[in-house]
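A.B. asks: Contents of entry29.txt (compact mmCIF, N, CA and C atoms) are below:
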# COMPACT_ATOMS: atom_id res chain seq x y z
N MET A 767 0.84 -1.20 0.00
CA MET A 767 0.00 0.00 0.00
C MET A 767 0.88 1.25 0.00
N ASN A 768 2.00 1.21 0.72
CA ASN A 768 2.88 2.39 0.78
C ASN A 768 3.36 2.82 -0.60
N LYS A 769 3.67 1.84 -1.47
CA LYS A 769 4.17 2.19 -2.81
C LYS A 769 3.11 2.96 -3.59
N TYR A 770 1.85 2.64 -3.37
CA TYR A 770 0.77 3.35 -4.06
C TYR A 770 0.65 4.79 -3.53
N PHE A 771 0.75 4.94 -2.23
CA PHE A 771 0.66 6.29 -1.67
C PHE A 771 1.89 7.13 -2.02
N GLU A 772 3.05 6.50 -2.13
CA GLU A 772 4.23 7.23 -2.59
C GLU A 772 3.98 7.79 -3.99
N GLU A 773 3.34 7.00 -4.83
CA GLU A 773 3.02 7.44 -6.19
C GLU A 773 2.01 8.59 -6.16
N THR A 774 1.01 8.52 -5.29
CA THR A 774 0.02 9.60 -5.22
C THR A 774 0.67 10.92 -4.78
N ILE A 775 1.65 10.83 -3.89
CA ILE A 775 2.34 12.05 -3.45
C ILE A 775 3.17 12.65 -4.59
N LYS A 776 3.82 11.79 -5.39
CA LYS A 776 4.55 12.30 -6.56
C LYS A 776 3.60 13.02 -7.51
N LEU A 777 2.43 12.45 -7.71
CA LEU A 777 1.44 13.07 -8.58
C LEU A 777 0.93 14.38 -8.00
N ALA A 778 0.72 14.40 -6.68
CA ALA A 778 0.24 15.62 -6.03
C ALA A 778 1.22 16.77 -6.25
N LYS A 779 2.49 16.48 -6.22
CA LYS A 779 3.50 17.51 -6.42
C LYS A 779 3.42 18.12 -7.82
N LYS A 780 2.94 17.35 -8.80
CA LYS A 780 2.77 17.89 -10.16
C LYS A 780 1.71 18.98 -10.18
N SER A 781 0.70 18.85 -9.32
CA SER A 781 -0.37 19.85 -9.25
C SER A 781 0.17 21.21 -8.85
N LEU A 782 1.18 21.23 -8.02
CA LEU A 782 1.73 22.48 -7.52
C LEU A 782 2.26 23.39 -8.62
N LYS A 783 2.77 22.79 -9.68
CA LYS A 783 3.35 23.58 -10.77
C LYS A 783 2.32 24.52 -11.40
N SER A 784 1.06 24.11 -11.39
CA SER A 784 0.01 24.95 -11.99
C SER A 784 -0.86 25.62 -10.93
N LYS A 785 -0.36 25.64 -9.71
CA LYS A 785 -1.08 26.26 -8.59
C LYS A 785 -2.42 25.59 -8.28
N ASP A 786 -2.49 24.30 -8.62
CA ASP A 786 -3.66 23.51 -8.26
C ASP A 786 -3.46 22.93 -6.86
N VAL A 787 -4.56 22.60 -6.20
CA VAL A 787 -4.48 21.94 -4.89
C VAL A 787 -3.69 20.64 -5.10
N PRO A 788 -2.65 20.40 -4.30
CA PRO A 788 -1.81 19.22 -4.52
C PRO A 788 -2.48 17.92 -4.09
N ILE A 789 -3.15 17.31 -5.04
CA ILE A 789 -3.81 16.03 -4.80
C ILE A 789 -3.42 15.09 -5.93
N GLY A 790 -3.08 13.86 -5.56
CA GLY A 790 -2.75 12.82 -6.54
C GLY A 790 -3.61 11.60 -6.29
N ALA A 791 -3.91 10.86 -7.37
CA ALA A 791 -4.74 9.67 -7.26
C ALA A 791 -4.30 8.62 -8.27
N ILE A 792 -4.48 7.37 -7.89
CA ILE A 792 -4.21 6.27 -8.82
C ILE A 792 -5.32 5.23 -8.70
N VAL A 793 -5.57 4.55 -9.82
CA VAL A 793 -6.52 3.44 -9.85
C VAL A 793 -5.68 2.18 -10.03
N VAL A 794 -5.98 1.17 -9.21
CA VAL A 794 -5.21 -0.08 -9.22
C VAL A 794 -6.16 -1.25 -9.49
N LYS A 795 -5.73 -2.12 -10.39
CA LYS A 795 -6.48 -3.36 -10.66
C LYS A 795 -5.48 -4.51 -10.61
N ASP A 796 -5.78 -5.50 -9.81
CA ASP A 796 -4.91 -6.69 -9.68
C ASP A 796 -3.46 -6.29 -9.41
N ASN A 797 -3.26 -5.34 -8.50
CA ASN A 797 -1.95 -4.86 -8.09
C ASN A 797 -1.16 -4.14 -9.19
N VAL A 798 -1.86 -3.69 -10.22
CA VAL A 798 -1.23 -2.95 -11.30
C VAL A 798 -1.90 -1.57 -11.40
N ILE A 799 -1.09 -0.52 -11.49
CA ILE A 799 -1.64 0.83 -11.66
C ILE A 799 -2.15 0.96 -13.09
N VAL A 800 -3.45 1.23 -13.22
CA VAL A 800 -4.06 1.35 -14.55
C VAL A 800 -4.48 2.79 -14.86
N GLY A 801 -4.41 3.68 -13.87
CA GLY A 801 -4.76 5.07 -14.10
C GLY A 801 -4.11 5.97 -13.07
N LYS A 802 -3.57 7.08 -13.55
CA LYS A 802 -2.96 8.07 -12.66
C LYS A 802 -3.59 9.43 -12.93
N GLY A 803 -3.68 10.24 -11.87
CA GLY A 803 -4.21 11.57 -12.06
C GLY A 803 -3.77 12.52 -10.97
N TYR A 804 -3.75 13.79 -11.30
CA TYR A 804 -3.49 14.84 -10.32
C TYR A 804 -4.38 16.02 -10.69
N ASN A 805 -4.54 16.95 -9.77
CA ASN A 805 -5.44 18.08 -10.00
C ASN A 805 -4.94 18.94 -11.16
N THR A 806 -5.87 19.24 -12.07
CA THR A 806 -5.57 20.10 -13.23
C THR A 806 -6.66 21.15 -13.44
N ARG A 807 -7.45 21.40 -12.42
CA ARG A 807 -8.58 22.33 -12.56
C ARG A 807 -8.12 23.72 -12.97
N GLU A 808 -7.12 24.24 -12.30
CA GLU A 808 -6.60 25.58 -12.63
C GLU A 808 -5.82 25.55 -13.95
N LYS A 809 -4.99 24.55 -14.11
CA LYS A 809 -4.15 24.44 -15.30
C LYS A 809 -5.00 24.39 -16.57
N LYS A 810 -6.07 23.61 -16.55
CA LYS A 810 -6.91 23.44 -17.74
C LYS A 810 -8.21 24.24 -17.67
N GLN A 811 -8.40 24.97 -16.56
CA GLN A 811 -9.64 25.73 -16.36
C GLN A 811 -10.86 24.85 -16.62
N ASN A 812 -10.84 23.68 -15.95
CA ASN A 812 -11.90 22.70 -16.11
C ASN A 812 -12.32 22.23 -14.72
N ILE A 813 -13.55 22.49 -14.35
CA ILE A 813 -14.07 22.15 -13.03
C ILE A 813 -13.93 20.66 -12.72
N MET A 814 -13.91 19.83 -13.76
CA MET A 814 -13.82 18.38 -13.56
C MET A 814 -12.37 17.89 -13.40
N GLY A 815 -11.41 18.80 -13.39
CA GLY A 815 -10.01 18.42 -13.35
C GLY A 815 -9.51 17.98 -11.99
N HIS A 816 -10.26 17.17 -11.30
CA HIS A 816 -9.83 16.64 -10.00
C HIS A 816 -8.97 15.40 -10.23
N ALA A 817 -8.07 15.16 -9.32
CA ALA A 817 -7.14 14.03 -9.44
C ALA A 817 -7.87 12.70 -9.61
N GLU A 818 -8.89 12.49 -8.80
CA GLU A 818 -9.62 11.22 -8.86
C GLU A 818 -10.29 11.03 -10.22
N ILE A 819 -10.90 12.09 -10.73
CA ILE A 819 -11.58 12.00 -12.02
C ILE A 819 -10.58 11.76 -13.14
N ASN A 820 -9.46 12.46 -13.10
CA ASN A 820 -8.41 12.25 -14.11
C ASN A 820 -7.90 10.81 -14.07
N ALA A 821 -7.71 10.26 -12.89
CA ALA A 821 -7.24 8.88 -12.76
C ALA A 821 -8.29 7.89 -13.27
N ILE A 822 -9.54 8.15 -12.97
CA ILE A 822 -10.64 7.27 -13.43
C ILE A 822 -10.76 7.30 -14.95
N ILE A 823 -10.65 8.48 -15.53
CA ILE A 823 -10.72 8.60 -17.00
C ILE A 823 -9.60 7.80 -17.65
N ARG A 824 -8.40 7.93 -17.11
CA ARG A 824 -7.26 7.20 -17.69
C ARG A 824 -7.42 5.69 -17.52
N ALA A 825 -7.88 5.27 -16.35
CA ALA A 825 -8.10 3.83 -16.11
C ALA A 825 -9.16 3.28 -17.05
N SER A 826 -10.22 4.04 -17.26
CA SER A 826 -11.28 3.60 -18.17
C SER A 826 -10.76 3.43 -19.59
N LYS A 827 -9.87 4.32 -20.01
CA LYS A 827 -9.28 4.20 -21.35
C LYS A 827 -8.38 2.97 -21.43
N VAL A 828 -7.55 2.77 -20.41
CA VAL A 828 -6.63 1.63 -20.40
C VAL A 828 -7.40 0.32 -20.42
N LEU A 829 -8.45 0.24 -19.63
CA LEU A 829 -9.23 -0.99 -19.52
C LEU A 829 -10.34 -1.08 -20.56
N ASN A 830 -10.52 0.00 -21.31
CA ASN A 830 -11.58 0.08 -22.32
C ASN A 830 -12.95 -0.26 -21.72
N ASN A 831 -13.20 0.31 -20.53
CA ASN A 831 -14.46 0.04 -19.83
C ASN A 831 -14.67 1.11 -18.77
N TRP A 832 -15.85 1.68 -18.70
CA TRP A 832 -16.16 2.66 -17.65
C TRP A 832 -16.38 1.97 -16.31
N ASN A 833 -16.74 0.70 -16.34
CA ASN A 833 -17.04 -0.05 -15.12
C ASN A 833 -15.73 -0.54 -14.49
N LEU A 834 -15.35 0.07 -13.39
CA LEU A 834 -14.08 -0.25 -12.72
C LEU A 834 -14.33 -1.05 -11.44
N SER A 835 -15.28 -1.96 -11.50
CA SER A 835 -15.71 -2.68 -10.28
C SER A 835 -14.62 -3.55 -9.65
N ASN A 836 -13.62 -3.91 -10.39
CA ASN A 836 -12.54 -4.71 -9.82
C ASN A 836 -11.32 -3.87 -9.48
N CYS A 837 -11.54 -2.57 -9.30
CA CYS A 837 -10.43 -1.65 -9.06
C CYS A 837 -10.54 -0.99 -7.68
N GLU A 838 -9.40 -0.47 -7.25
CA GLU A 838 -9.33 0.33 -6.02
C GLU A 838 -8.73 1.68 -6.38
N LEU A 839 -9.07 2.68 -5.58
CA LEU A 839 -8.54 4.03 -5.80
C LEU A 839 -7.73 4.43 -4.57
N TYR A 840 -6.55 4.99 -4.82
CA TYR A 840 -5.69 5.55 -3.77
C TYR A 840 -5.58 7.03 -4.04
N VAL A 841 -5.81 7.84 -3.01
CA VAL A 841 -5.79 9.29 -3.19
C VAL A 841 -5.20 9.95 -1.94
N THR A 842 -4.54 11.08 -2.13
CA THR A 842 -3.87 11.74 -1.02
C THR A 842 -4.85 12.38 -0.04
N LEU A 843 -5.97 12.92 -0.53
CA LEU A 843 -6.93 13.62 0.32
C LEU A 843 -8.31 13.00 0.12
N LYS A 844 -9.08 12.90 1.18
CA LYS A 844 -10.42 12.33 1.10
C LYS A 844 -11.20 13.01 -0.03
N PRO A 845 -11.80 12.23 -0.93
CA PRO A 845 -12.50 12.80 -2.08
C PRO A 845 -13.67 13.71 -1.71
N CYS A 846 -13.87 14.74 -2.53
CA CYS A 846 -15.01 15.64 -2.36
C CYS A 846 -16.29 14.91 -2.79
N ASN A 847 -17.42 15.55 -2.58
CA ASN A 847 -18.70 14.93 -2.93
C ASN A 847 -18.81 14.60 -4.42
N MET A 848 -18.36 15.51 -5.28
CA MET A 848 -18.42 15.26 -6.71
C MET A 848 -17.60 14.02 -7.08
N CYS A 849 -16.39 13.96 -6.57
CA CYS A 849 -15.53 12.82 -6.88
C CYS A 849 -16.10 11.52 -6.31
N MET A 850 -16.65 11.58 -5.10
CA MET A 850 -17.24 10.37 -4.51
C MET A 850 -18.37 9.84 -5.37
N GLU A 851 -19.16 10.74 -5.93
CA GLU A 851 -20.27 10.30 -6.78
C GLU A 851 -19.74 9.63 -8.05
N ILE A 852 -18.68 10.20 -8.63
CA ILE A 852 -18.09 9.60 -9.83
C ILE A 852 -17.43 8.27 -9.49
N ILE A 853 -16.79 8.19 -8.34
CA ILE A 853 -16.19 6.93 -7.89
C ILE A 853 -17.27 5.86 -7.76
N LYS A 854 -18.38 6.21 -7.15
CA LYS A 854 -19.49 5.26 -7.00
C LYS A 854 -20.04 4.85 -8.36
N GLN A 855 -20.23 5.83 -9.25
CA GLN A 855 -20.78 5.52 -10.57
C GLN A 855 -19.84 4.65 -11.39
N SER A 856 -18.54 4.77 -11.17
CA SER A 856 -17.59 3.95 -11.91
C SER A 856 -17.43 2.56 -11.27
N ARG A 857 -18.12 2.36 -10.15
CA ARG A 857 -18.18 1.05 -9.47
C ARG A 857 -16.89 0.64 -8.78
N ILE A 858 -15.99 1.59 -8.52
CA ILE A 858 -14.76 1.27 -7.81
C ILE A 858 -15.13 0.68 -6.46
N LYS A 859 -14.47 -0.43 -6.09
CA LYS A 859 -14.91 -1.16 -4.90
C LYS A 859 -14.37 -0.61 -3.59
N LYS A 860 -13.22 0.06 -3.62
CA LYS A 860 -12.65 0.56 -2.36
C LYS A 860 -11.79 1.78 -2.63
N VAL A 861 -11.84 2.72 -1.68
CA VAL A 861 -11.04 3.95 -1.75
C VAL A 861 -10.19 4.05 -0.50
N TYR A 862 -8.90 4.32 -0.70
CA TYR A 862 -7.98 4.55 0.41
C TYR A 862 -7.48 5.99 0.29
N TYR A 863 -7.41 6.71 1.40
CA TYR A 863 -6.88 8.08 1.36
C TYR A 863 -5.98 8.32 2.55
N LEU A 864 -5.07 9.30 2.40
CA LEU A 864 -4.11 9.60 3.46
C LEU A 864 -4.66 10.58 4.49
N LEU A 865 -5.30 11.66 4.05
CA LEU A 865 -5.74 12.71 4.97
C LEU A 865 -7.20 13.07 4.78
N GLU A 866 -7.82 13.44 5.90
CA GLU A 866 -9.16 14.05 5.86
C GLU A 866 -8.99 15.48 5.36
N LYS A 867 -10.07 16.09 4.93
CA LYS A 867 -10.02 17.50 4.55
C LYS A 867 -9.73 18.34 5.79
N LEU A 868 -9.15 19.50 5.56
CA LEU A 868 -8.88 20.41 6.67
C LEU A 868 -10.20 20.81 7.33
N PRO A 869 -10.21 21.00 8.64
CA PRO A 869 -11.46 21.30 9.34
C PRO A 869 -12.19 22.54 8.84
N ASN A 870 -11.46 23.53 8.36
CA ASN A 870 -12.11 24.76 7.90
C ASN A 870 -12.46 24.72 6.41
N LYS A 871 -12.18 23.62 5.72
CA LYS A 871 -12.47 23.48 4.29
C LYS A 871 -13.87 22.92 4.11
N ARG A 872 -14.75 23.70 3.50
CA ARG A 872 -16.12 23.26 3.26
C ARG A 872 -16.39 23.23 1.77
N GLU A 873 -17.28 22.33 1.39
CA GLU A 873 -17.67 22.28 -0.01
C GLU A 873 -18.75 23.31 -0.28
N TYR A 874 -18.76 23.82 -1.48
CA TYR A 874 -19.75 24.80 -1.90
C TYR A 874 -21.14 24.15 -1.86
N ASP A 875 -22.07 24.78 -1.19
CA ASP A 875 -23.41 24.19 -1.10
C ASP A 875 -24.51 25.24 -1.22
N GLN A 876 -24.27 26.26 -2.03
CA GLN A 876 -25.23 27.34 -2.19
C GLN A 876 -26.14 27.16 -3.41
N THR A 877 -25.88 26.17 -4.25
CA THR A 877 -26.68 25.96 -5.45
C THR A 877 -28.08 25.48 -5.08
N ILE A 878 -29.07 26.09 -5.69
CA ILE A 878 -30.47 25.70 -5.47
C ILE A 878 -30.85 24.68 -6.55
N ILE A 879 -31.38 23.55 -6.13
CA ILE A 879 -31.83 22.52 -7.06
C ILE A 879 -33.33 22.34 -6.86
N GLU A 880 -34.07 22.48 -7.94
CA GLU A 880 -35.52 22.50 -7.83
C GLU A 880 -36.15 21.64 -8.92
N LYS A 881 -37.13 20.83 -8.56
CA LYS A 881 -37.86 20.00 -9.52
C LYS A 881 -38.90 20.85 -10.25
N SER A 882 -38.94 20.70 -11.57
CA SER A 882 -39.92 21.41 -12.38
C SER A 882 -41.31 20.81 -12.18
N GLU A 883 -42.31 21.64 -12.30
CA GLU A 883 -43.69 21.18 -12.15
C GLU A 883 -44.42 21.16 -13.49
N ASP A 884 -43.68 21.03 -14.59
CA ASP A 884 -44.28 20.98 -15.92
C ASP A 884 -44.75 19.55 -16.19
N GLY A 885 -46.02 19.28 -15.95
CA GLY A 885 -46.56 17.93 -16.06
C GLY A 885 -46.44 17.32 -17.43
N HIS A 886 -46.72 18.09 -18.49
CA HIS A 886 -46.70 17.55 -19.85
C HIS A 886 -45.29 17.10 -20.25
N LEU A 887 -44.30 17.94 -20.03
CA LEU A 887 -42.93 17.57 -20.37
C LEU A 887 -42.41 16.45 -19.48
N THR A 888 -42.84 16.44 -18.24
CA THR A 888 -42.45 15.36 -17.32
C THR A 888 -42.95 14.02 -17.86
N GLU A 889 -44.19 13.98 -18.32
CA GLU A 889 -44.77 12.75 -18.88
C GLU A 889 -44.04 12.34 -20.16
N ASP A 890 -43.72 13.32 -21.02
CA ASP A 890 -42.98 13.01 -22.25
C ASP A 890 -41.63 12.38 -21.92
N TYR A 891 -40.94 12.98 -20.99
CA TYR A 891 -39.62 12.47 -20.65
C TYR A 891 -39.72 11.10 -19.97
N LEU A 892 -40.70 10.91 -19.11
CA LEU A 892 -40.90 9.62 -18.45
C LEU A 892 -41.10 8.53 -19.49
N SER A 893 -41.86 8.82 -20.53
CA SER A 893 -42.10 7.86 -21.60
C SER A 893 -40.80 7.49 -22.31
N ILE A 894 -39.97 8.48 -22.59
CA ILE A 894 -38.67 8.24 -23.23
C ILE A 894 -37.81 7.34 -22.35
N LEU A 895 -37.75 7.65 -21.06
CA LEU A 895 -36.93 6.89 -20.12
C LEU A 895 -37.43 5.45 -19.99
N GLN A 896 -38.73 5.28 -19.87
CA GLN A 896 -39.30 3.94 -19.75
C GLN A 896 -39.03 3.10 -21.00
N SER A 897 -39.15 3.72 -22.15
CA SER A 897 -38.89 3.03 -23.41
C SER A 897 -37.43 2.59 -23.49
N PHE A 898 -36.53 3.46 -23.08
CA PHE A 898 -35.11 3.13 -23.09
C PHE A 898 -34.83 1.89 -22.24
N PHE A 899 -35.33 1.88 -21.00
CA PHE A 899 -35.05 0.75 -20.11
C PHE A 899 -35.77 -0.52 -20.55
N LYS A 900 -36.93 -0.38 -21.14
CA LYS A 900 -37.64 -1.56 -21.68
C LYS A 900 -36.82 -2.19 -22.79
N ASN A 901 -36.32 -1.37 -23.71
CA ASN A 901 -35.48 -1.88 -24.79
C ASN A 901 -34.20 -2.49 -24.28
N LEU A 902 -33.63 -1.90 -23.25
CA LEU A 902 -32.40 -2.43 -22.66
C LEU A 902 -32.63 -3.82 -22.08
N ARG A 903 -33.74 -3.99 -21.37
CA ARG A 903 -34.08 -5.29 -20.76
C ARG A 903 -34.33 -6.34 -21.83
N GLU A 904 -34.97 -5.96 -22.92
CA GLU A 904 -35.30 -6.91 -23.99
C GLU A 904 -34.06 -7.39 -24.73
N LYS A 905 -32.99 -6.60 -24.74
CA LYS A 905 -31.75 -6.98 -25.41
C LYS A 905 -30.98 -8.03 -24.64
N LYS A 906 -31.26 -8.17 -23.34
CA LYS A 906 -30.50 -9.12 -22.50
C LYS A 906 -30.98 -10.50 -22.67
Written as structure tokens, how would this file's structure read?
C.D. replies:
Amino acid sequence: MNKYFEETIKLAKKSLKSKDVPIGAIVVKDNVIVGKGYNTREKKQNIMGHAEINAIIRASKVLNNWNLSNCELYVTLKPCNMCMEIIKQSRIKKVYYLLEKLPNKREYDQTIIEKSEDGHLTEDYLSILQSFFKNLREKK
């Protein structure tokens, strides 16, 4: 496990060059590193440029599969909510991290999320979604 964390720290140091938060992450499958990433949000001006996401994208390309259910993720700092959701969606089975977030570091939570009350469009979309899943089940 130490060798994996040593690699995440090397990756975190790369983030510093572009004034990004120094975080490094790797995806491991069967004791082989299949994806590496470090923060590039500032460097690339891309909100998705988190170390974990970059590592997951690279692992998915290497394995030619978005489903990383047989993989583990090693990261220097406990993943944020966005990254945790992507980790879950990619089916990674276990996450190891070195540090918790700093006590005064909070995630942005001012966005208002509201369900639309447009009944007609809701029904149209529900029909599209139901048809998609029905077709998916029939193909199996």
A.B. asks: When distances are computed from only N, CA and C atoms, which of A:Glu838, A:Leu865, A:Asn812, A:Val800 shows the smallest separation from A:Arg824?
C.D. replies: A:Val800
A.B. asks: If we draw a sphere of 8 Å around (-5.9, 15.3, -9.6), which residues have at least one atom in it when counting only N, CA and C atoms? Please report them as a PDB file with N, CA and C atoms, in the coordinates of the input.
C.D. replies:
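So the final result, stored in point.pdb, reads:
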ATOM      1  N   LEU A 777       2.430  12.450  -7.710  1.00  0.00           N
ATOM      2  CA  LEU A 777       1.440  13.070  -8.580  1.00  0.00           C
ATOM      3  C   LEU A 777       0.930  14.380  -8.000  1.00  0.00           C
ATOM      4  N   ALA A 778       0.720  14.400  -6.680  1.00  0.00           N
ATOM      5  CA  ALA A 778       0.240  15.620  -6.030  1.00  0.00           C
ATOM      6  C   ALA A 778       1.220  16.770  -6.250  1.00  0.00           C
ATOM      7  N   SER A 781       0.700  18.850  -9.320  1.00  0.00           N
ATOM      8  CA  SER A 781      -0.370  19.850  -9.250  1.00  0.00           C
ATOM      9  C   SER A 781       0.170  21.210  -8.850  1.00  0.00           C
ATOM     10  N   VAL A 787      -4.560  22.600  -6.200  1.00  0.00           N
ATOM     11  CA  VAL A 787      -4.480  21.940  -4.890  1.00  0.00           C
ATOM     12  C   VAL A 787      -3.690  20.640  -5.100  1.00  0.00           C
ATOM     13  N   PRO A 788      -2.650  20.400  -4.300  1.00  0.00           N
ATOM     14  CA  PRO A 788      -1.810  19.220  -4.520  1.00  0.00           C
ATOM     15  C   PRO A 788      -2.480  17.920  -4.090  1.00  0.00           C
ATOM     16  N   ILE A 789      -3.150  17.310  -5.040  1.00  0.00           N
ATOM     17  CA  ILE A 789      -3.810  16.030  -4.800  1.00  0.00           C
ATOM     18  C   ILE A 789      -3.420  15.090  -5.930  1.00  0.00           C
ATOM     19  N   GLY A 790      -3.080  13.860  -5.560  1.00  0.00           N
ATOM     20  CA  GLY A 790      -2.750  12.820  -6.540  1.00  0.00           C
ATOM     21  C   GLY A 790      -3.610  11.600  -6.290  1.00  0.00           C
ATOM     22  N   ALA A 791      -3.910  10.860  -7.370  1.00  0.00           N
ATOM     23  CA  ALA A 791      -4.740   9.670  -7.260  1.00  0.00           C
ATOM     24  C   ALA A 791      -4.300   8.620  -8.270  1.00  0.00           C
ATOM     25  N   LYS A 802      -3.570   7.080 -13.550  1.00  0.00           N
ATOM     26  CA  LYS A 802      -2.960   8.070 -12.660  1.00  0.00           C
ATOM     27  C   LYS A 802      -3.590   9.430 -12.930  1.00  0.00           C
ATOM     28  N   GLY A 803      -3.680  10.240 -11.870  1.00  0.00           N
ATOM     29  CA  GLY A 803      -4.210  11.570 -12.060  1.00  0.00           C
ATOM     30  C   GLY A 803      -3.770  12.520 -10.970  1.00  0.00           C
ATOM     31  N   TYR A 804      -3.750  13.790 -11.300  1.00  0.00           N
ATOM     32  CA  TYR A 804      -3.490  14.840 -10.320  1.00  0.00           C
ATOM     33  C   TYR A 804      -4.380  16.020 -10.690  1.00  0.00           C
ATOM     34  N   ASN A 805      -4.540  16.950  -9.770  1.00  0.00           N
ATOM     35  CA  ASN A 805      -5.440  18.080 -10.000  1.00  0.00           C
ATOM     36  C   ASN A 805      -4.940  18.940 -11.160  1.00  0.00           C
ATOM     37  N   THR A 806      -5.870  19.240 -12.070  1.00  0.00           N
ATOM     38  CA  THR A 806      -5.570  20.100 -13.230  1.00  0.00           C
ATOM     39  C   THR A 806      -6.660  21.150 -13.440  1.00  0.00           C
ATOM     40  N   ARG A 807      -7.450  21.400 -12.420  1.00  0.00           N
ATOM     41  CA  ARG A 807      -8.580  22.330 -12.560  1.00  0.00           C
ATOM     42  C   ARG A 807      -8.120  23.720 -12.970  1.00  0.00           C
ATOM     43  N   MET A 814     -13.910  19.830 -13.760  1.00  0.00           N
ATOM     44  CA  MET A 814     -13.820  18.380 -13.560  1.00  0.00           C
ATOM     45  C   MET A 814     -12.370  17.890 -13.400  1.00  0.00           C
ATOM     46  N   GLY A 815     -11.410  18.800 -13.390  1.00  0.00           N
ATOM     47  CA  GLY A 815     -10.010  18.420 -13.350  1.00  0.00           C
ATOM     48  C   GLY A 815      -9.510  17.980 -11.990  1.00  0.00           C
ATOM     49  N   HIS A 816     -10.260  17.170 -11.300  1.00  0.00           N
ATOM     50  CA  HIS A 816      -9.830  16.640 -10.000  1.00  0.00           C
ATOM     51  C   HIS A 816      -8.970  15.400 -10.230  1.00  0.00           C
ATOM     52  N   ALA A 817      -8.070  15.160  -9.320  1.00  0.00           N
ATOM     53  CA  ALA A 817      -7.140  14.030  -9.440  1.00  0.00           C
ATOM     54  C   ALA A 817      -7.870  12.700  -9.610  1.00  0.00           C
ATOM     55  N   GLU A 818      -8.890  12.490  -8.800  1.00  0.00           N
ATOM     56  CA  GLU A 818      -9.620  11.220  -8.860  1.00  0.00           C
ATOM     57  C   GLU A 818     -10.290  11.030 -10.220  1.00  0.00           C
ATOM     58  N   ILE A 819     -10.900  12.090 -10.730  1.00  0.00           N
ATOM     59  CA  ILE A 819     -11.580  12.000 -12.020  1.00  0.00           C
ATOM     60  C   ILE A 819     -10.580  11.760 -13.140  1.00  0.00           C
ATOM     61  N   ASN A 820      -9.460  12.460 -13.100  1.00  0.00           N
ATOM     62  CA  ASN A 820      -8.410  12.250 -14.110  1.00  0.00           C
ATOM     63  C   ASN A 820      -7.900  10.810 -14.070  1.00  0.00           C
ATOM     64  N   ALA A 821      -7.710  10.260 -12.890  1.00  0.00           N
ATOM     65  CA  ALA A 821      -7.240   8.880 -12.760  1.00  0.00           C
ATOM     66  C   ALA A 821      -8.290   7.890 -13.270  1.00  0.00           C
TER      67      ALA A 821
END
A.B. asks: Tell me, in Å to one decimal, how far atom N of A:Ser835 is from atom C of A:Lys905.
C.D. replies: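 Taking atom N of A:Ser835 as the start and atom C of A:Lys905 as the end point, the length is 21.4 Å.
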A.B. asks: Using the chain letters and numbers from this document, which residues of chain A does DSSP assign to strand (DSSP E or B), as a short mmCIF file (atom, residue, chain, number, x, y, z; two decimals) with N, CA and C atoms, in the frame of the given file?
C.D. replies:
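In the end it all went to result.cif:
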data_model
loop_
_atom_site.label_atom_id
_atom_site.label_comp_id
_atom_site.auth_asym_id
_atom_site.auth_seq_id
_atom_site.Cartn_x
_atom_site.Cartn_y
_atom_site.Cartn_z
N GLY A 790 -3.08 13.86 -5.56
CA GLY A 790 -2.75 12.82 -6.54
C GLY A 790 -3.61 11.60 -6.29
N ALA A 791 -3.91 10.86 -7.37
CA ALA A 791 -4.74 9.67 -7.26
C ALA A 791 -4.30 8.62 -8.27
N ILE A 792 -4.48 7.37 -7.89
CA ILE A 792 -4.21 6.27 -8.82
C ILE A 792 -5.32 5.23 -8.70
N VAL A 793 -5.57 4.55 -9.82
CA VAL A 793 -6.52 3.44 -9.85
C VAL A 793 -5.68 2.18 -10.03
N VAL A 794 -5.98 1.17 -9.21
CA VAL A 794 -5.21 -0.08 -9.22
C VAL A 794 -6.16 -1.25 -9.49
N LYS A 795 -5.73 -2.12 -10.39
CA LYS A 795 -6.48 -3.36 -10.66
C LYS A 795 -5.48 -4.51 -10.61
N VAL A 798 -1.86 -3.69 -10.22
CA VAL A 798 -1.23 -2.95 -11.30
C VAL A 798 -1.90 -1.57 -11.40
N ILE A 799 -1.09 -0.52 -11.49
CA ILE A 799 -1.64 0.83 -11.66
C ILE A 799 -2.15 0.96 -13.09
N VAL A 800 -3.45 1.23 -13.22
CA VAL A 800 -4.06 1.35 -14.55
C VAL A 800 -4.48 2.79 -14.86
N GLY A 801 -4.41 3.68 -13.87
CA GLY A 801 -4.76 5.07 -14.10
C GLY A 801 -4.11 5.97 -13.07
N LYS A 802 -3.57 7.08 -13.55
CA LYS A 802 -2.96 8.07 -12.66
C LYS A 802 -3.59 9.43 -12.93
N GLY A 803 -3.68 10.24 -11.87
CA GLY A 803 -4.21 11.57 -12.06
C GLY A 803 -3.77 12.52 -10.97
N TYR A 804 -3.75 13.79 -11.30
CA TYR A 804 -3.49 14.84 -10.32
C TYR A 804 -4.38 16.02 -10.69
N CYS A 837 -11.54 -2.57 -9.30
CA CYS A 837 -10.43 -1.65 -9.06
C CYS A 837 -10.54 -0.99 -7.68
N GLU A 838 -9.40 -0.47 -7.25
CA GLU A 838 -9.33 0.33 -6.02
C GLU A 838 -8.73 1.68 -6.38
N LEU A 839 -9.07 2.68 -5.58
CA LEU A 839 -8.54 4.03 -5.80
C LEU A 839 -7.73 4.43 -4.57
N TYR A 840 -6.55 4.99 -4.82
CA TYR A 840 -5.69 5.55 -3.77
C TYR A 840 -5.58 7.03 -4.04
N VAL A 841 -5.81 7.84 -3.01
CA VAL A 841 -5.79 9.29 -3.19
C VAL A 841 -5.20 9.95 -1.94
N THR A 842 -4.54 11.08 -2.13
CA THR A 842 -3.87 11.74 -1.02
C THR A 842 -4.85 12.38 -0.04
N LEU A 843 -5.97 12.92 -0.53
CA LEU A 843 -6.93 13.62 0.32
C LEU A 843 -8.31 13.00 0.12
N LYS A 860 -13.22 0.06 -3.62
CA LYS A 860 -12.65 0.56 -2.36
C LYS A 860 -11.79 1.78 -2.63
N VAL A 861 -11.84 2.72 -1.68
CA VAL A 861 -11.04 3.95 -1.75
C VAL A 861 -10.19 4.05 -0.50
N TYR A 862 -8.90 4.32 -0.70
CA TYR A 862 -7.98 4.55 0.41
C TYR A 862 -7.48 5.99 0.29
N TYR A 863 -7.41 6.71 1.40
CA TYR A 863 -6.88 8.08 1.36
C TYR A 863 -5.98 8.32 2.55
N LEU A 864 -5.07 9.30 2.40
CA LEU A 864 -4.11 9.60 3.46
C LEU A 864 -4.66 10.58 4.49
N LEU A 865 -5.30 11.66 4.05
CA LEU A 865 -5.74 12.71 4.97
C LEU A 865 -7.20 13.07 4.78
#
